[in-house]
$ cat upload16.csv   # CSV, C-alpha atoms
chain,number,residue,atom,x,y,z
A,1,MET,CA,75.3,77.9,86.8
A,2,ASN,CA,72.4,78.1,84.5
A,3,ARG,CA,72.8,78.5,80.7
A,4,LEU,CA,71.1,81.9,80.6
A,5,GLU,CA,73.3,83.5,83.2
A,6,HIS,CA,76.4,82.1,81.3
A,7,ALA,CA,75.1,83.4,77.9
A,8,ILE,CA,74.3,86.9,79.4
A,9,GLY,CA,77.8,87.0,80.8
A,10,VAL,CA,79.3,86.3,77.4
A,11,VAL,CA,77.2,88.9,75.6
A,12,LEU,CA,78.1,91.6,78.2
A,13,ARG,CA,81.8,90.8,78.2
A,14,VAL,CA,82.0,90.8,74.3
A,15,GLY,CA,80.0,94.0,74.1
A,16,THR,CA,82.1,95.8,76.8
A,17,VAL,CA,85.5,94.8,75.3
A,18,ALA,CA,84.4,95.6,71.7
A,19,SER,CA,82.9,99.0,72.5
A,20,SER,CA,85.6,100.1,74.8
A,21,SER,CA,88.4,99.2,72.4
A,22,LEU,CA,86.7,100.9,69.4
A,23,LEU,CA,86.0,104.1,71.5
A,24,ALA,CA,89.6,104.1,72.8
A,25,ALA,CA,91.0,103.6,69.3
A,26,GLY,CA,88.7,106.3,67.8
A,27,LEU,CA,89.5,108.8,70.6
A,28,VAL,CA,93.2,108.3,70.2
A,29,LEU,CA,93.0,108.7,66.4
A,30,ALA,CA,90.8,111.8,66.7
A,31,LEU,CA,93.0,113.5,69.3
A,32,ALA,CA,96.1,112.7,67.1
A,33,GLY,CA,94.2,114.6,64.4
A,34,TYR,CA,94.8,111.7,62.0
A,35,ARG,CA,92.3,110.7,59.4
A,36,ASP,CA,89.2,112.3,60.7
A,37,ALA,CA,86.7,110.0,58.9
A,38,VAL,CA,88.2,106.8,60.3
A,39,ALA,CA,88.2,108.2,63.8
A,40,ARG,CA,84.6,109.2,63.5
A,41,ALA,CA,83.6,105.8,62.2
A,42,LEU,CA,85.3,104.0,65.0
A,43,LEU,CA,83.7,106.2,67.6
A,44,GLU,CA,80.3,105.9,66.1
A,45,VAL,CA,80.4,102.1,65.8
A,46,GLY,CA,81.8,101.8,69.3
A,47,LEU,CA,78.9,103.9,70.7
A,48,VAL,CA,76.3,101.9,68.7
A,49,ILE,CA,77.8,98.6,70.1
A,50,LEU,CA,77.7,100.1,73.6
A,51,LEU,CA,74.0,101.0,73.1
A,52,ALA,CA,73.2,97.6,71.5
A,53,THR,CA,74.8,95.4,74.2
A,54,PRO,CA,72.0,95.5,76.8
A,55,ALA,CA,69.4,95.0,74.1
A,56,THR,CA,71.3,92.0,72.8
A,57,ARG,CA,71.2,90.6,76.3
A,58,VAL,CA,67.4,90.9,76.4
A,59,VAL,CA,67.2,89.1,73.0
A,60,VAL,CA,69.4,86.3,74.3
A,61,SER,CA,67.0,86.0,77.3
A,62,VAL,CA,63.9,85.8,75.1
A,63,VAL,CA,65.6,83.0,73.1
A,64,GLU,CA,66.5,81.1,76.3
A,65,TYR,CA,63.1,81.4,77.8
A,66,VAL,CA,61.5,80.1,74.6
A,67,ARG,CA,63.8,77.2,74.8
A,68,GLU,CA,62.8,76.5,78.4
A,69,ARG,CA,59.1,77.0,77.4
A,70,ASP,CA,58.7,79.5,80.2
A,71,TRP,CA,56.0,81.6,78.5
A,72,THR,CA,55.5,84.1,81.3
A,73,PHE,CA,59.1,85.2,81.0
A,74,VAL,CA,59.0,85.1,77.2
A,75,VAL,CA,56.2,87.7,77.3
A,76,LEU,CA,57.9,89.8,80.0
A,77,THR,CA,61.2,90.0,78.1
A,78,LEU,CA,59.4,90.6,74.8
A,79,VAL,CA,57.6,93.6,76.4
A,80,VAL,CA,61.0,95.0,77.5
A,81,LEU,CA,62.3,94.5,73.9
A,82,LEU,CA,59.2,96.3,72.6
A,83,ALA,CA,59.8,99.2,74.9
A,84,LEU,CA,63.4,99.5,73.7
A,85,GLY,CA,62.0,99.4,70.1
A,86,ALA,CA,59.6,102.2,71.0
A,87,SER,CA,62.6,104.3,72.2
A,88,VAL,CA,64.3,103.8,68.9
A,89,ALA,CA,61.1,104.8,67.2
A,90,ALA,CA,60.7,107.9,69.5
A,91,ALA,CA,64.3,108.8,68.6
A,92,TYR,CA,63.8,108.9,64.9
A,93,LEU,CA,60.2,109.7,64.3
B,1,MET,CA,78.4,126.1,72.6
B,2,SER,CA,81.8,126.0,70.9
B,3,LEU,CA,83.0,123.8,73.7
B,4,LEU,CA,80.9,120.9,72.5
B,5,ASN,CA,82.0,120.9,68.9
B,6,PRO,CA,85.7,120.8,68.1
B,7,LEU,CA,88.2,118.3,69.0
B,8,ASN,CA,89.8,119.5,72.1
B,9,PRO,CA,92.4,117.3,73.8
B,10,VAL,CA,92.2,119.2,77.1
B,11,LEU,CA,88.5,118.9,77.3
B,12,ALA,CA,88.7,115.2,76.5
B,13,LEU,CA,91.3,114.8,79.3
B,14,ILE,CA,89.1,116.7,81.7
B,15,ILE,CA,86.0,114.5,80.9
B,16,PHE,CA,88.1,111.4,81.2
B,17,GLY,CA,89.4,112.5,84.6
B,18,ALA,CA,85.9,113.4,85.7
B,19,GLY,CA,84.6,110.0,84.5
B,20,ALA,CA,87.3,108.2,86.4
B,21,ALA,CA,86.6,110.1,89.6
B,22,ALA,CA,82.8,109.7,89.3
B,23,GLY,CA,83.2,106.0,88.5
B,24,GLY,CA,85.5,105.4,91.4
B,25,LEU,CA,83.3,107.2,93.9
B,26,GLY,CA,80.3,105.4,92.5
B,27,VAL,CA,81.6,102.0,92.9
B,28,ALA,CA,82.9,102.7,96.4
B,29,LEU,CA,79.3,103.6,97.3
B,30,GLY,CA,77.5,101.0,95.2
B,31,LEU,CA,76.1,103.6,92.8
B,32,GLY,CA,76.8,104.4,89.2
B,33,GLY,CA,78.8,107.6,88.7
B,34,GLY,CA,76.1,109.6,87.0
B,35,ILE,CA,75.0,111.4,90.1
B,36,PHE,CA,78.5,113.0,90.3
B,37,LEU,CA,79.3,113.1,86.5
B,38,VAL,CA,76.1,115.1,85.5
B,39,PRO,CA,76.7,118.0,88.0
B,40,PHE,CA,80.3,118.2,87.0
B,41,LEU,CA,79.6,118.4,83.3
B,42,THR,CA,76.8,121.0,83.8
B,43,LEU,CA,78.2,123.1,86.7
B,44,ALA,CA,81.9,123.0,86.0
B,45,LEU,CA,82.0,122.7,82.2
B,46,GLY,CA,78.7,124.4,81.4
B,47,PHE,CA,77.2,121.7,79.3
B,48,PRO,CA,73.4,121.8,78.8
B,49,LEU,CA,71.8,119.2,81.1
B,50,LYS,CA,70.6,117.2,78.1
B,51,SER,CA,74.1,116.6,76.7
B,52,ALA,CA,75.4,115.9,80.2
B,53,ALA,CA,72.6,113.4,80.8
B,54,ALA,CA,73.2,111.7,77.4
B,55,ILE,CA,76.9,111.3,78.1
B,56,SER,CA,76.2,110.1,81.6
B,57,LEU,CA,73.7,107.5,80.3
B,58,SER,CA,76.3,106.0,78.0
B,59,THR,CA,78.6,105.6,81.0
B,60,VAL,CA,75.8,103.9,83.0
B,61,ILE,CA,75.4,101.4,80.2
B,62,ALA,CA,79.1,100.7,80.1
B,63,THR,CA,79.3,100.3,83.9
B,64,SER,CA,76.3,98.0,83.9
B,65,SER,CA,77.7,95.7,81.2
B,66,ALA,CA,81.2,95.5,82.6
B,67,VAL,CA,80.1,95.0,86.2
B,68,SER,CA,77.4,92.4,85.4
B,69,ALA,CA,79.7,90.5,83.0
B,70,ARG,CA,82.1,90.1,86.0
B,71,ARG,CA,79.3,89.0,88.3
B,72,ALA,CA,77.4,86.6,86.0
B,73,GLY,CA,77.6,83.2,87.4
B,74,ASN,CA,77.9,83.9,91.1
B,75,GLN,CA,74.1,83.9,91.6
B,76,LEU,CA,74.0,87.4,93.1
B,77,ILE,CA,72.1,88.7,90.2
B,78,ASN,CA,68.4,87.7,90.5
B,79,LEU,CA,67.7,87.3,86.8
B,80,ARG,CA,64.0,86.5,87.1
B,81,LEU,CA,63.2,89.4,89.4
B,82,GLY,CA,65.4,91.6,87.2
B,83,MET,CA,63.4,90.7,84.1
B,84,VAL,CA,60.1,91.5,85.8
B,85,LEU,CA,61.2,94.9,87.1
B,86,GLU,CA,62.8,95.8,83.8
B,87,VAL,CA,59.3,95.9,82.3
B,88,ALA,CA,58.7,98.8,84.7
B,89,THR,CA,62.0,100.6,84.3
B,90,THR,CA,62.0,100.5,80.5
B,91,ALA,CA,58.4,101.9,80.5
B,92,GLY,CA,59.6,104.6,82.9
B,93,SER,CA,62.7,105.5,80.9
B,94,LEU,CA,60.8,105.6,77.6
B,95,LEU,CA,58.4,108.1,79.1
B,96,GLY,CA,61.2,110.1,80.7
B,97,GLY,CA,63.2,110.2,77.4
B,98,ILE,CA,60.3,111.5,75.5
B,99,THR,CA,59.3,114.1,78.1
B,100,ALA,CA,63.0,115.3,78.5
B,101,GLN,CA,62.7,116.7,75.0
B,102,TYR,CA,60.0,119.1,76.1
B,103,VAL,CA,60.9,119.9,79.7
B,104,ALA,CA,62.7,123.2,80.4
B,105,GLU,CA,66.3,123.2,81.4
B,106,THR,CA,65.6,124.9,84.7
B,107,THR,CA,62.9,122.3,85.6
B,108,LEU,CA,65.4,119.5,85.0
B,109,GLN,CA,68.0,121.3,87.2
B,110,ARG,CA,65.5,121.7,90.1
B,111,LEU,CA,64.6,118.0,89.7
B,112,PHE,CA,68.2,117.1,89.9
B,113,GLY,CA,68.6,119.2,93.0
B,114,VAL,CA,65.6,117.5,94.7
B,115,VAL,CA,66.9,114.0,93.8
B,116,SER,CA,70.4,114.8,95.1
B,117,MET,CA,68.9,115.9,98.4
B,118,LEU,CA,66.8,112.8,98.7
B,119,VAL,CA,69.8,110.6,98.0
B,120,ALA,CA,71.9,112.5,100.6
B,121,PHE,CA,69.2,111.8,103.2
B,122,ALA,CA,68.8,108.2,102.2
B,123,MET,CA,72.6,107.8,102.4
B,124,ILE,CA,72.7,109.0,106.0
B,125,GLY,CA,69.7,107.1,107.1
B,126,ARG,CA,70.0,104.0,105.1
B,127,ILE,CA,69.2,100.9,107.0
B,128,ASN,CA,71.4,98.0,106.3
B,129,ARG,CA,69.2,95.0,106.9
B,130,ARG,CA,70.6,91.6,106.0
B,131,ASN,CA,67.3,90.1,105.0
B,132,VAL,CA,68.6,86.5,104.6
B,133,ILE,CA,67.4,83.1,105.8
B,134,ALA,CA,70.5,81.1,106.8
B,135,ASP,CA,68.9,77.8,105.8
B,136,PRO,CA,70.1,77.1,102.2
B,137,THR,CA,67.2,74.7,101.6
B,138,ALA,CA,64.4,77.2,102.5
B,139,ASP,CA,62.0,77.8,99.7
B,140,PRO,CA,62.9,81.1,98.0
B,141,GLY,CA,59.5,81.4,96.3
B,142,ARG,CA,58.9,82.2,92.7
B,143,LEU,CA,61.1,85.3,92.6
B,144,GLY,CA,63.4,84.9,95.5
B,145,GLY,CA,67.0,83.7,95.3
B,146,ARG,CA,69.9,81.9,96.9
B,147,PHE,CA,73.5,82.8,96.9
B,148,TYR,CA,76.8,82.2,98.6
B,149,GLU,CA,77.4,85.0,101.2
B,150,GLU,CA,81.0,85.7,101.9
B,151,GLU,CA,80.4,87.4,105.3
B,152,SER,CA,78.7,84.4,106.9
B,153,GLY,CA,80.5,81.9,104.7
B,154,GLY,CA,77.4,80.0,103.8
B,155,VAL,CA,74.6,79.8,101.2
B,156,VAL,CA,71.7,82.0,102.2
B,157,THR,CA,68.1,82.3,100.9
B,158,TYR,CA,65.8,85.3,100.5
B,159,ARG,CA,62.2,85.9,99.4
B,160,VAL,CA,60.9,88.9,97.6
B,161,ARG,CA,58.0,90.7,99.2
B,162,ARG,CA,55.8,93.6,98.1
B,163,LEU,CA,56.4,93.2,94.4
B,164,PRO,CA,54.0,96.0,93.4
B,165,LEU,CA,56.1,98.4,95.5
B,166,ALA,CA,59.3,97.2,93.7
B,167,LEU,CA,57.5,97.8,90.3
B,168,VAL,CA,56.6,101.3,91.2
B,169,ALA,CA,60.1,102.1,92.5
B,170,SER,CA,61.5,100.7,89.2
B,171,PHE,CA,59.2,102.8,87.1
B,172,VAL,CA,60.1,106.0,88.9
B,173,ALA,CA,63.8,105.0,88.7
B,174,GLY,CA,63.5,104.5,85.0
B,175,ASN,CA,61.8,107.8,84.5
B,176,VAL,CA,64.3,109.8,86.6
B,177,SER,CA,67.1,107.9,84.9
B,178,SER,CA,66.5,109.1,81.4
B,179,LEU,CA,65.5,112.6,82.5
B,180,LEU,CA,68.6,113.2,84.6
B,181,GLY,CA,71.2,110.8,83.2
B,182,ILE,CA,71.6,108.7,86.3
B,183,GLY,CA,71.3,104.9,86.6
B,184,GLY,CA,68.4,104.9,89.0
B,185,GLY,CA,70.0,102.3,91.3
B,186,ILE,CA,69.9,104.9,94.0
B,187,ILE,CA,66.1,104.6,94.1
B,188,LYS,CA,65.7,100.9,93.5
B,189,VAL,CA,68.4,99.5,95.8
B,190,PRO,CA,67.2,101.1,99.1
B,191,VAL,CA,63.6,100.1,98.3
B,192,LEU,CA,64.5,96.5,97.4
B,193,ASN,CA,66.6,96.3,100.5
B,194,ALA,CA,64.5,98.0,103.1
B,195,TRP,CA,61.0,97.0,102.0
B,196,CYS,CA,61.1,94.1,99.6
B,197,GLY,CA,63.2,91.6,101.5
B,198,MET,CA,66.4,91.6,99.3
B,199,PRO,CA,69.9,91.4,100.9
B,200,LEU,CA,71.8,94.5,99.9
B,201,ARG,CA,74.4,92.8,97.7
B,202,ALA,CA,71.7,90.9,95.7
B,203,ALA,CA,69.7,94.1,95.3
B,204,ALA,CA,72.7,96.0,94.1
B,205,ALA,CA,73.8,93.3,91.7
B,206,THR,CA,70.3,93.0,90.3
B,207,SER,CA,69.9,96.7,90.0
B,208,ALA,CA,73.3,97.0,88.2
B,209,LEU,CA,72.2,94.5,85.6
B,210,MET,CA,68.9,96.4,85.1
B,211,ILE,CA,70.3,99.9,84.7
B,212,GLY,CA,72.0,98.9,81.4
B,213,VAL,CA,68.6,98.3,79.8
B,214,THR,CA,67.0,101.3,81.6
B,215,ALA,CA,69.7,103.7,80.4
B,216,THR,CA,69.5,102.3,76.9
B,217,GLY,CA,65.9,103.4,76.6
B,218,GLY,CA,66.9,107.0,77.4
B,219,ALA,CA,70.3,107.0,75.6
B,220,VAL,CA,68.8,105.9,72.3
B,221,ILE,CA,66.4,108.8,72.3
B,222,TYR,CA,69.2,111.3,73.1
B,223,TYR,CA,71.3,109.7,70.4
B,224,GLY,CA,68.6,110.0,67.8
B,225,HIS,CA,68.1,113.7,68.6
B,226,GLY,CA,71.9,114.4,68.3
B,227,ASP,CA,72.4,115.1,72.0
B,228,LEU,CA,74.8,112.2,72.4
B,229,ARG,CA,78.1,113.0,70.8
B,230,PRO,CA,80.5,110.1,70.4
B,231,LEU,CA,83.5,112.3,70.8
B,232,LEU,CA,82.4,113.5,74.3
B,233,ALA,CA,80.9,110.2,75.4
B,234,ALA,CA,84.1,108.2,74.6
B,235,PRO,CA,86.4,109.8,77.2
B,236,ALA,CA,83.6,109.7,79.8
B,237,VAL,CA,82.9,106.0,79.1
B,238,LEU,CA,86.6,105.1,79.2
B,239,GLY,CA,87.2,107.2,82.3
B,240,VAL,CA,84.3,105.6,84.2
B,241,GLN,CA,85.4,102.1,83.2
B,242,LEU,CA,88.9,102.8,84.6
B,243,GLY,CA,87.4,104.5,87.7
B,244,SER,CA,85.0,101.7,88.6
B,245,TRP,CA,87.7,99.1,88.1
B,246,SER,CA,90.1,100.8,90.5
B,247,GLY,CA,87.4,102.0,92.8
B,248,SER,CA,86.4,98.4,93.7
B,249,ARG,CA,89.9,97.9,95.0
B,250,LEU,CA,89.9,101.2,96.9
B,251,ALA,CA,86.5,100.5,98.5
B,252,GLU,CA,87.8,97.6,100.5
B,253,ASN,CA,90.2,99.8,102.5
B,254,THR,CA,87.9,102.7,103.4
B,255,SER,CA,85.5,103.2,106.2
B,256,VAL,CA,82.0,103.1,104.7
B,257,LYS,CA,80.6,105.4,107.3
B,258,TRP,CA,82.9,108.3,106.6
B,259,LEU,CA,82.6,107.7,102.9
B,260,LYS,CA,78.8,108.0,103.1
B,261,LEU,CA,78.9,111.1,105.2
B,262,LEU,CA,81.4,112.7,102.7
B,263,MET,CA,79.1,111.8,99.8
B,264,ALA,CA,76.0,113.1,101.6
B,265,ALA,CA,77.9,116.5,102.1
B,266,LEU,CA,78.9,116.5,98.4
B,267,LEU,CA,75.4,115.8,97.2
B,268,THR,CA,74.0,118.6,99.4
B,269,ILE,CA,76.4,121.0,97.7
B,270,VAL,CA,75.4,119.7,94.3
B,271,ALA,CA,71.7,120.2,95.2
B,272,VAL,CA,72.3,123.8,96.3
B,273,LEU,CA,74.4,124.6,93.2
B,274,MET,CA,71.7,123.1,90.9
B,275,PHE,CA,69.0,125.2,92.6
B,276,LEU,CA,71.1,128.4,92.4
B,277,ARG,CA,71.7,127.8,88.7
B,278,SER,CA,68.1,127.2,88.0
B,279,THR,CA,67.1,130.6,89.4
B,280,ARG,CA,69.5,132.5,87.2
$ encode --input "upload16.csv" --output "structure tokens"
Amino acid sequence: MNRLEHAIGVVLRVGTVASSSLLAAGLVLALAGYRDAVARALLEVGLVILLATPATRVVVSVVEYVRERDWTFVVLTLVVLLALGASVAAAYL
Amino acid sequence: MSLLNPLNPVLALIIFGAGAAAGGLGVALGLGGGIFLVPFLTLALGFPLKSAAAISLSTVIATSSAVSARRAGNQLINLRLGMVLEVATTAGSLLGGITAQYVAETTLQRLFGVVSMLVAFAMIGRINRRNVIADPTADPGRLGGRFYEEESGGVVTYRVRRLPLALVASFVAGNVSSLLGIGGGIIKVPVLNAWCGMPLRAAAATSALMIGVTATGGAVIYYGHGDLRPLLAAPAVLGVQLGSWSGSRLAENTSVKWLKLLMAALLTIVAVLMFLRSTR
């Protein structure tokens, strides 16, 4: 198996487990009506990790393609990253 | 919209259950659950389409990450083709996410109705070509691939044809994805399979990886505009995770043909309901 596929698998697995556990913990706390601020923080961080996971996967791809000196794919993955950056800009501007 | 604000255990449970059902159905059919989750949230719970789409997009991301993490390493995902097509899907979803802020609710409802109808037709008429070259040493070309096929018990090769068509389909899929809160695999997979030479399983796996990035483009915009509430997204995400996990077990024991017919019928009902609502 190639390195990139392995790295992507690790990023996605860590992101999925982290975001799901935080969301579950936050939801349970929120429903139990216990410490509102803590529950809210857990939910918010869980959601941000969820949203950041695919973007992190693209960053890892850029790094790996640079390492392989595959410039066509460095450019392609950078364009994807740029479009995601534009979404963040569109969200807050 | 008092429904959307307070902490409501019953509502959370309903959303969790809907997510589980949508995720299970989705996996059984090789789709994300968004095409079922969005109509449920809007038609049954009365959410505005934007909140429903935002919630659904977060479940799309979760499904994409979970499913692709499980598949990474078995060569089904065509990473190079995926990266090329992602350029088109992210451009499409960026544009869709921006326009969704300005498009009227009724227009979105009609669009959802049209897409549901098209999906229903595609589901009935979907051609299931195999598209593989049995020779494992055949040249897959620059973007093609090679994987171990369980059905035939050997390594097979495929080439990718009509790349421009795949790019256009990906752009449209990305656009529809952030407007309506669905993954967009429903548009890409049939095109990649029927016209671009990809075997169904490779097309589905590659699409599943791409929809994570596609949905992120739209979800981030909804999040920034306050349409993506963590408290409503959390039960949906967890429900869909559970549903897609158990759905993959269920899928093995059910006749695909009947499942597809049932889904086509369901989607037709969804389309009719969306149209009726948009005329009110």
$ atom_distance --input "upload16.csv" --atom1 "CA of Ser61 in chain A" --atom2 "CA of Thr77 in chain A"
7.1 Å
$ atom_distance --input "upload16.csv" --atom1 "CA of Gly154 in chain B" --atom2 "CA of Leu79 in chain B"
20.9 Å
$ atom_distance --input "upload16.csv" --atom1 "CA of Tyr102 in chain B" --atom2 "CA of Val38 in chain B"
19.1 Å
$ residues_around --input "upload16.csv" --residues "Ala32 in chain A" --least-positions-apart "6" --cutoff "12 Å" --atoms "all atoms listed in the file" --output "list of chain:residue names"
A:Ala25, A:Gly26, A:Val38, A:Ala39, B:Leu7, B:Asn8, B:Pro9
$ write_last_selection --input "upload16.csv" --atoms "C-alpha atoms" --output "mmCIF file, keeping the file's coordinate frame"
data_model
loop_
_atom_site.group_PDB
_atom_site.id
_atom_site.type_symbol
_atom_site.label_atom_id
_atom_site.label_comp_id
_atom_site.auth_asym_id
_atom_site.auth_seq_id
_atom_site.Cartn_x
_atom_site.Cartn_y
_atom_site.Cartn_z
ATOM 1 C CA ALA A 25 91.000 103.600 69.300
ATOM 2 C CA GLY A 26 88.700 106.300 67.800
ATOM 3 C CA VAL A 38 88.200 106.800 60.300
ATOM 4 C CA ALA A 39 88.200 108.200 63.800
ATOM 5 C CA LEU B 7 88.200 118.300 69.000
ATOM 6 C CA ASN B 8 89.800 119.500 72.100
ATOM 7 C CA PRO B 9 92.400 117.300 73.800
#
$ interface_residues --input "upload16.csv" --of "chain B" --to "chain A" --cutoff "8 Å" --atoms "all atoms listed in the file" --output "PyMOL selection string"
chain B and resi 7-9+58+61-62+65-66+68-75+79-80+83-84+86-87+90-91+94+97-98+212-213+216-225+230-231+234-235+237-238
$ closest_residue --input "upload16.csv" --among "B:Val27, B:Ala100, B:Met198, B:Ala208" --to "Arg161 in chain B" --atoms "all atoms listed in the file"
B:Met198
$ closest_residue --input "upload16.csv" --among "B:Leu200, B:Leu43, B:Leu232, B:Leu95" --to "Leu179 in chain B" --atoms "only C-alpha atoms"
B:Leu95
$ closest_residue --input "upload16.csv" --among "B:Leu25, B:Leu41, B:Val67, B:Leu111" --to "Ala53 in chain B" --atoms "all atoms listed in the file"
B:Leu41
$ closest_residue --input "upload16.csv" --among "B:Ala18, B:Val168, B:Ala88, B:Ala122" --to "Pro190 in chain B" --atoms "all atoms listed in the file"
B:Ala122
$ residues_near_point --input "upload16.csv" --point "(61.3, 116.1, 92.2)" --cutoff "12 Å" --atoms "only C-alpha atoms" --output "ChimeraX atom specification"
/B:107-119,172-173,175-176,179-180,271,275
